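Engineer: For reference, this is my_file-v3.pdb, and it has PDB, C-alpha atoms and all ligand atoms.
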```pdb
ATOM      1  CA  MET A   1    -155.373 -83.776 -13.688  1.00  0.00           C
ATOM      2  CA  LYS A   2    -156.274 -83.657 -17.347  1.00  0.00           C
ATOM      3  CA  THR A   3    -155.790 -81.404 -20.315  1.00  0.00           C
ATOM      4  CA  ILE A   4    -158.719 -80.026 -22.256  1.00  0.00           C
ATOM      5  CA  THR A   5    -158.294 -78.773 -25.800  1.00  0.00           C
ATOM      6  CA  ILE A   6    -160.582 -76.165 -27.307  1.00  0.00           C
ATOM      7  CA  GLU A   7    -160.367 -75.698 -31.053  1.00  0.00           C
ATOM      8  CA  SER A   8    -161.666 -72.819 -33.125  1.00  0.00           C
ATOM      9  CA  SER A   9    -161.704 -72.631 -36.895  1.00  0.00           C
ATOM     10  CA  PHE A  10    -162.122 -69.588 -39.090  1.00  0.00           C
ATOM     11  CA  THR A  11    -162.719 -68.945 -42.768  1.00  0.00           C
ATOM     12  CA  VAL A  12    -160.185 -66.738 -44.513  1.00  0.00           C
ATOM     13  CA  TYR A  13    -161.227 -64.841 -47.644  1.00  0.00           C
ATOM     14  CA  ASP A  14    -158.427 -63.415 -49.784  1.00  0.00           C
ATOM     15  CA  ASP A  15    -160.392 -60.282 -50.582  1.00  0.00           C
ATOM     16  CA  ILE A  16    -163.654 -58.538 -49.721  1.00  0.00           C
ATOM     17  CA  LYS A  17    -164.899 -59.443 -53.225  1.00  0.00           C
ATOM     18  CA  GLU A  18    -165.013 -63.132 -52.222  1.00  0.00           C
ATOM     19  CA  LEU A  19    -167.601 -62.480 -49.500  1.00  0.00           C
ATOM     20  CA  PRO A  20    -171.324 -63.197 -49.981  1.00  0.00           C
ATOM     21  CA  ASN A  21    -173.073 -60.150 -51.471  1.00  0.00           C
ATOM     22  CA  ASP A  22    -174.961 -59.218 -48.312  1.00  0.00           C
ATOM     23  CA  VAL A  23    -171.711 -59.284 -46.346  1.00  0.00           C
ATOM     24  CA  ILE A  24    -169.970 -57.101 -48.939  1.00  0.00           C
ATOM     25  CA  ASP A  25    -172.756 -54.565 -48.418  1.00  0.00           C
ATOM     26  CA  LEU A  26    -172.400 -54.862 -44.646  1.00  0.00           C
ATOM     27  CA  MET A  27    -168.623 -54.425 -44.853  1.00  0.00           C
ATOM     28  CA  GLN A  28    -169.097 -51.344 -47.050  1.00  0.00           C
ATOM     29  CA  GLU A  29    -171.216 -49.843 -44.257  1.00  0.00           C
ATOM     30  CA  ALA A  30    -168.441 -50.651 -41.782  1.00  0.00           C
ATOM     31  CA  ILE A  31    -165.888 -49.030 -44.097  1.00  0.00           C
ATOM     32  CA  GLU A  32    -167.956 -45.844 -44.274  1.00  0.00           C
ATOM     33  CA  ALA A  33    -168.319 -45.899 -40.498  1.00  0.00           C
ATOM     34  CA  ARG A  34    -164.554 -46.345 -40.111  1.00  0.00           C
ATOM     35  CA  LYS A  35    -163.904 -43.215 -42.146  1.00  0.00           C
ATOM     36  CA  ASN A  36    -166.048 -41.257 -39.678  1.00  0.00           C
ATOM     37  CA  ALA A  37    -164.304 -42.584 -36.579  1.00  0.00           C
ATOM     38  CA  TYR A  38    -163.284 -40.011 -34.018  1.00  0.00           C
ATOM     39  CA  ALA A  39    -159.735 -41.161 -33.326  1.00  0.00           C
ATOM     40  CA  PRO A  40    -157.522 -38.072 -33.034  1.00  0.00           C
ATOM     41  CA  TYR A  41    -155.254 -39.686 -30.407  1.00  0.00           C
ATOM     42  CA  SER A  42    -154.526 -43.180 -31.711  1.00  0.00           C
ATOM     43  CA  LYS A  43    -155.081 -42.322 -35.383  1.00  0.00           C
ATOM     44  CA  PHE A  44    -156.457 -45.868 -35.529  1.00  0.00           C
ATOM     45  CA  GLN A  45    -159.902 -45.896 -37.040  1.00  0.00           C
ATOM     46  CA  VAL A  46    -162.358 -48.733 -36.556  1.00  0.00           C
ATOM     47  CA  GLY A  47    -165.762 -49.242 -38.160  1.00  0.00           C
ATOM     48  CA  ALA A  48    -168.446 -51.771 -37.307  1.00  0.00           C
ATOM     49  CA  ALA A  49    -171.737 -52.660 -38.954  1.00  0.00           C
ATOM     50  CA  ILE A  50    -174.331 -55.083 -37.590  1.00  0.00           C
ATOM     51  CA  LEU A  51    -177.095 -56.742 -39.598  1.00  0.00           C
ATOM     52  CA  LEU A  52    -180.173 -57.352 -37.439  1.00  0.00           C
ATOM     53  CA  ASP A  53    -182.891 -59.922 -38.034  1.00  0.00           C
ATOM     54  CA  ASN A  54    -185.367 -57.084 -38.679  1.00  0.00           C
ATOM     55  CA  GLY A  55    -183.283 -56.082 -41.719  1.00  0.00           C
ATOM     56  CA  GLU A  56    -181.826 -52.988 -40.081  1.00  0.00           C
ATOM     57  CA  ILE A  57    -178.106 -52.233 -40.222  1.00  0.00           C
ATOM     58  CA  VAL A  58    -176.598 -50.391 -37.259  1.00  0.00           C
ATOM     59  CA  ILE A  59    -173.108 -48.911 -37.496  1.00  0.00           C
ATOM     60  CA  GLY A  60    -170.543 -47.701 -35.014  1.00  0.00           C
ATOM     61  CA  SER A  61    -167.058 -46.235 -34.979  1.00  0.00           C
ATOM     62  CA  ASN A  62    -164.520 -45.724 -32.239  1.00  0.00           C
ATOM     63  CA  GLN A  63    -165.004 -42.561 -30.232  1.00  0.00           C
ATOM     64  CA  GLU A  64    -161.915 -41.359 -28.401  1.00  0.00           C
ATOM     65  CA  ASN A  65    -161.549 -38.901 -25.566  1.00  0.00           C
ATOM     66  CA  ALA A  66    -158.769 -36.725 -24.165  1.00  0.00           C
ATOM     67  CA  ALA A  67    -159.275 -38.759 -20.993  1.00  0.00           C
ATOM     68  CA  TYR A  68    -158.266 -41.912 -22.864  1.00  0.00           C
ATOM     69  CA  PRO A  69    -160.253 -44.576 -20.936  1.00  0.00           C
ATOM     70  CA  SER A  70    -163.446 -42.586 -21.492  1.00  0.00           C
ATOM     71  CA  GLY A  71    -163.366 -43.463 -25.192  1.00  0.00           C
ATOM     72  CA  MET A  72    -165.253 -46.378 -26.711  1.00  0.00           C
ATOM     73  CA  CYS A  73    -164.533 -49.027 -29.341  1.00  0.00           C
ATOM     74  CA  ALA A  74    -166.461 -49.207 -32.598  1.00  0.00           C
ATOM     75  CA  GLU A  75    -167.941 -52.624 -31.838  1.00  0.00           C
ATOM     76  CA  ARG A  76    -169.427 -51.638 -28.502  1.00  0.00           C
ATOM     77  CA  THR A  77    -170.648 -48.306 -29.864  1.00  0.00           C
ATOM     78  CA  ALA A  78    -172.574 -50.327 -32.472  1.00  0.00           C
ATOM     79  CA  ILE A  79    -173.917 -53.164 -30.336  1.00  0.00           C
ATOM     80  CA  PHE A  80    -175.037 -50.936 -27.476  1.00  0.00           C
ATOM     81  CA  TYR A  81    -176.837 -48.618 -29.855  1.00  0.00           C
ATOM     82  CA  ALA A  82    -178.397 -51.564 -31.706  1.00  0.00           C
ATOM     83  CA  SER A  83    -179.667 -53.057 -28.460  1.00  0.00           C
ATOM     84  CA  ALA A  84    -180.930 -49.679 -27.241  1.00  0.00           C
ATOM     85  CA  LYS A  85    -182.760 -48.909 -30.485  1.00  0.00           C
ATOM     86  CA  PHE A  86    -183.986 -52.432 -31.337  1.00  0.00           C
ATOM     87  CA  PRO A  87    -184.110 -54.297 -28.017  1.00  0.00           C
ATOM     88  CA  LYS A  88    -186.001 -57.292 -29.441  1.00  0.00           C
ATOM     89  CA  ALA A  89    -183.881 -57.758 -32.569  1.00  0.00           C
ATOM     90  CA  LYS A  90    -181.265 -60.468 -32.915  1.00  0.00           C
ATOM     91  CA  PHE A  91    -177.803 -59.750 -34.270  1.00  0.00           C
ATOM     92  CA  LEU A  92    -177.114 -61.867 -37.346  1.00  0.00           C
ATOM     93  CA  LYS A  93    -173.797 -60.638 -38.704  1.00  0.00           C
ATOM     94  CA  MET A  94    -171.127 -58.127 -37.784  1.00  0.00           C
ATOM     95  CA  ALA A  95    -168.568 -56.625 -40.159  1.00  0.00           C
ATOM     96  CA  LEU A  96    -165.466 -54.950 -38.731  1.00  0.00           C
ATOM     97  CA  THR A  97    -162.703 -52.974 -40.400  1.00  0.00           C
ATOM     98  CA  ALA A  98    -159.796 -51.135 -38.854  1.00  0.00           C
ATOM     99  CA  GLY A  99    -156.848 -49.139 -40.072  1.00  0.00           C
ATOM    100  CA  SER A 100    -154.129 -46.778 -38.995  1.00  0.00           C
ATOM    101  CA  LEU A 101    -153.860 -43.331 -40.530  1.00  0.00           C
ATOM    102  CA  ASP A 102    -150.065 -43.644 -40.136  1.00  0.00           C
ATOM    103  CA  HIS A 103    -149.379 -46.885 -41.973  1.00  0.00           C
ATOM    104  CA  GLU A 104    -151.050 -49.465 -44.194  1.00  0.00           C
ATOM    105  CA  THR A 105    -153.288 -51.970 -42.452  1.00  0.00           C
ATOM    106  CA  ASN A 106    -153.538 -54.981 -44.720  1.00  0.00           C
ATOM    107  CA  THR A 107    -154.075 -57.732 -42.177  1.00  0.00           C
ATOM    108  CA  PRO A 108    -157.393 -58.614 -40.538  1.00  0.00           C
ATOM    109  CA  ILE A 109    -157.839 -56.770 -37.239  1.00  0.00           C
ATOM    110  CA  PRO A 110    -159.778 -58.825 -34.674  1.00  0.00           C
ATOM    111  CA  PRO A 111    -162.030 -57.264 -32.019  1.00  0.00           C
ATOM    112  CA  CYS A 112    -160.391 -56.537 -28.664  1.00  0.00           C
ATOM    113  CA  GLY A 113    -161.078 -58.657 -25.608  1.00  0.00           C
ATOM    114  CA  ALA A 114    -163.516 -56.210 -24.031  1.00  0.00           C
ATOM    115  CA  CYS A 115    -165.579 -56.129 -27.222  1.00  0.00           C
ATOM    116  CA  ARG A 116    -165.551 -59.932 -27.443  1.00  0.00           C
ATOM    117  CA  GLN A 117    -166.951 -60.070 -23.928  1.00  0.00           C
ATOM    118  CA  ALA A 118    -169.610 -57.470 -24.760  1.00  0.00           C
ATOM    119  CA  ILE A 119    -170.674 -59.195 -27.986  1.00  0.00           C
ATOM    120  CA  SER A 120    -170.757 -62.544 -26.181  1.00  0.00           C
ATOM    121  CA  GLU A 121    -173.455 -61.215 -23.835  1.00  0.00           C
ATOM    122  CA  TYR A 122    -175.822 -60.689 -26.786  1.00  0.00           C
ATOM    123  CA  GLU A 123    -175.003 -64.009 -28.455  1.00  0.00           C
ATOM    124  CA  ILE A 124    -175.960 -65.776 -25.235  1.00  0.00           C
ATOM    125  CA  LYS A 125    -179.007 -63.552 -24.676  1.00  0.00           C
ATOM    126  CA  GLN A 126    -180.428 -64.200 -28.147  1.00  0.00           C
ATOM    127  CA  ASP A 127    -179.465 -67.916 -28.080  1.00  0.00           C
ATOM    128  CA  SER A 128    -178.172 -67.853 -31.643  1.00  0.00           C
ATOM    129  CA  THR A 129    -174.777 -67.303 -33.149  1.00  0.00           C
ATOM    130  CA  ILE A 130    -173.465 -64.053 -34.564  1.00  0.00           C
ATOM    131  CA  GLU A 131    -171.199 -64.237 -37.619  1.00  0.00           C
ATOM    132  CA  ILE A 132    -168.201 -61.939 -37.228  1.00  0.00           C
ATOM    133  CA  TYR A 133    -166.230 -60.781 -40.282  1.00  0.00           C
ATOM    134  CA  PHE A 134    -163.113 -58.687 -39.727  1.00  0.00           C
ATOM    135  CA  MET A 135    -160.495 -57.086 -41.930  1.00  0.00           C
ATOM    136  CA  GLY A 136    -157.946 -54.283 -42.046  1.00  0.00           C
ATOM    137  CA  VAL A 137    -158.346 -51.599 -44.680  1.00  0.00           C
ATOM    138  CA  LYS A 138    -157.727 -54.008 -47.532  1.00  0.00           C
ATOM    139  CA  GLY A 139    -156.653 -57.595 -48.052  1.00  0.00           C
ATOM    140  CA  LYS A 140    -157.860 -60.700 -46.297  1.00  0.00           C
ATOM    141  CA  VAL A 141    -161.108 -60.989 -44.389  1.00  0.00           C
ATOM    142  CA  ILE A 142    -161.546 -63.515 -41.577  1.00  0.00           C
ATOM    143  CA  LYS A 143    -164.937 -64.949 -40.682  1.00  0.00           C
ATOM    144  CA  SER A 144    -165.813 -66.448 -37.319  1.00  0.00           C
ATOM    145  CA  ASP A 145    -169.103 -68.379 -37.349  1.00  0.00           C
ATOM    146  CA  SER A 146    -169.747 -67.391 -33.755  1.00  0.00           C
ATOM    147  CA  LEU A 147    -168.403 -65.002 -31.167  1.00  0.00           C
ATOM    148  CA  ALA A 148    -167.794 -68.039 -28.984  1.00  0.00           C
ATOM    149  CA  ASN A 149    -164.931 -69.083 -31.285  1.00  0.00           C
ATOM    150  CA  LEU A 150    -163.156 -65.866 -30.356  1.00  0.00           C
ATOM    151  CA  LEU A 151    -163.678 -66.230 -26.606  1.00  0.00           C
ATOM    152  CA  PRO A 152    -163.004 -69.729 -25.313  1.00  0.00           C
ATOM    153  CA  LEU A 153    -163.864 -70.325 -21.662  1.00  0.00           C
ATOM    154  CA  GLY A 154    -165.818 -67.089 -21.588  1.00  0.00           C
ATOM    155  CA  PHE A 155    -167.390 -65.626 -18.477  1.00  0.00           C
ATOM    156  CA  ASP A 156    -171.185 -65.339 -18.520  1.00  0.00           C
ATOM    157  CA  SER A 157    -174.181 -64.964 -16.215  1.00  0.00           C
ATOM    158  CA  SER A 158    -174.184 -68.676 -15.361  1.00  0.00           C
ATOM    159  CA  HIS A 159    -171.002 -68.029 -13.374  1.00  0.00           C
ATOM    160  CA  LEU A 160    -172.558 -65.367 -11.158  1.00  0.00           C
TER
HETATM  161  N1  LIG B   1    -160.536 -50.064 -30.997  1.00  0.00           N
HETATM  162  C1  LIG B   1    -161.773 -50.414 -31.425  1.00  0.00           C
HETATM  163  O1  LIG B   1    -162.585 -49.563 -31.795  1.00  0.00           O
HETATM  164  N2  LIG B   1    -162.078 -51.727 -31.439  1.00  0.00           N
HETATM  165  C2  LIG B   1    -161.245 -52.731 -31.063  1.00  0.00           C
HETATM  166  O2  LIG B   1    -161.651 -53.883 -31.017  1.00  0.00           O
HETATM  167  C3  LIG B   1    -159.854 -52.434 -30.754  1.00  0.00           C
HETATM  168  C4  LIG B   1    -159.527 -51.012 -30.544  1.00  0.00           C
HETATM  169  C5  LIG B   1    -160.188 -48.653 -30.952  1.00  0.00           C
HETATM  170  C6  LIG B   1    -160.048 -48.105 -29.558  1.00  0.00           C
HETATM  171  C7  LIG B   1    -159.128 -46.920 -29.800  1.00  0.00           C
HETATM  172  O3  LIG B   1    -159.925 -45.807 -30.175  1.00  0.00           O
HETATM  173  C8  LIG B   1    -158.282 -47.349 -30.978  1.00  0.00           C
HETATM  174  O4  LIG B   1    -158.962 -48.422 -31.599  1.00  0.00           O
HETATM  175  C9  LIG B   1    -156.872 -47.781 -30.614  1.00  0.00           C
HETATM  176  O5  LIG B   1    -156.890 -48.776 -29.641  1.00  0.00           O
END
```
Can you present the structure in this file as structure tokens?
Structural biologist:
Amino acid sequence: MKTITIESSFTVYDDIKELPNDVIDLMQEAIEARKNAYAPYSKFQVGAAILLDNGEIVIGSNQENAAYPSGMCAERTAIFYASAKFPKAKFLKMALTAGSLDHETNTPIPPCGACRQAISEYEIKQDSTIEIYFMGVKGKVIKSDSLANLLPLGFDSSHL
């Protein structure tokens, strides 16, 4: 028997203004996407923006449904559309922002487990890391250099 330790480290920015300029622009796209989320049930709006290596930016927002499980998260809305529209492009950076319409959301909101799994598929497929930046509506922004940092011991095609 032995213990294995897996460490992840993240960069914390105090404010969106501290981010590199291209990431500020990407986060602004995510913020606009968040405002257009269709979230009448949870009143929790999420926006995502992905920068591709062809220079394109693809956005997504959460899309809810009266049959709750039929809805979709912002991150997967964005990555599935990006892969459908630009199947050969690599994902370089993702910016995520989330906030409740009922209360202030000032802490960074990380992607859910299902979205981590979905993003992981593309990081492995393209064989290069995807930077993930996530925030609430205002306040701190957390950067992960790779999706892998957010999903230790992940399941992938090598396990099939
Ligand atoms: N949501 C996302 O869009 N992304 C996440 O990573 C977490 C949750 C959405 C799903 C649902 O519409 C709402 O936020 C509340 O869970």
Engineer: I want to know what sits within 12 Å of Gly47 of chain A, based on only C-alpha atoms, with residues of the same chain fewer than 5 positions away left out; could you give that as an MDAnalysis selection string?
Structural biologist: chainID A and resid 26:39 58:63 72:79 94:100 109:111 133:137
Engineer: Using the file's own x, y and z axes, so that the box edges lie along x, y and z, what centre and edge lengths in Å (one decimal) does a box around every listed atom of ligand LIG 1 (chain B) get when 3 Å is added on each side? Give it as AutoDock Vina command-line options.
Structural biologist:
```
--center_x -159.7 --center_y -49.8 --center_z -30.7 --size_x 11.7 --size_y 14.1 --size_z 8.2
```
Engineer: So, with only C-alpha atoms and all ligand atoms as the atoms that count, which of A:Glu121, A:Glu64, A:Glu131, A:Asp102 lies closest to ligand LIG 1 (chain B)?
Structural biologist: A:Glu64
Engineer: Specify as a list in words each residue included when the PyMOL selection byres (((chain A and resi 87) around 12) and not hetatm) is applied to this file.
Structural biologist: Leu52, Asp53, Asn54, Ile79, Phe80, Tyr81, Ala82, Ser83, Ala84, Lys85, Phe86, Lys88, Ala89, Lys90, Phe91, Tyr122, Lys125 and Gln126 of chain A
Engineer: Pick out the closest residue to ligand LIG 1 (chain B) from this set: A:Leu19, A:Cys115, A:Lys2, A:Ala67. Count only C-alpha atoms and all ligand atoms.
Structural biologist: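 Checking each candidate against ligand LIG 1 (chain B), we get A:Cys115 as the closest.
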Engineer: Could you check the closest approach to ligand LIG 1 (chain B) for each of A:Thr3, A:Gln117, A:Ser9, A:Asn149 and tell me which residue wins, using all atoms listed in the file?
Structural biologist: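 Looking only at the distances to ligand LIG 1 (chain B), the closest residue turns out to be A:Gln117.
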Engineer: Which residue gives the smallest distance to Asn65 of chain A among A:Ile142, A:Ile16, A:Tyr41, A:Val23, with all atoms listed in the file counted?
Structural biologist: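 The shortest atom-to-atom distance to Asn65 of chain A comes from A:Tyr41.
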Engineer: Mind giving me the straight-line distance from atom CA of Phe44 of chain A to atom CA of Ile132 of chain A in Å, one decimal?
Structural biologist: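 Calculated distance between atom CA of Phe44 of chain A and atom CA of Ile132 of chain A is 20.0 Å.
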Engineer: Using all atoms listed in the file, which residue out of A:Val141, A:Ile6, A:Leu147, A:Cys112 lies closest to Leu92 of chain A?
Structural biologist: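 Nearest candidate to Leu92 of chain A out of A:Val141, A:Ile6, A:Leu147, A:Cys112: A:Leu147.
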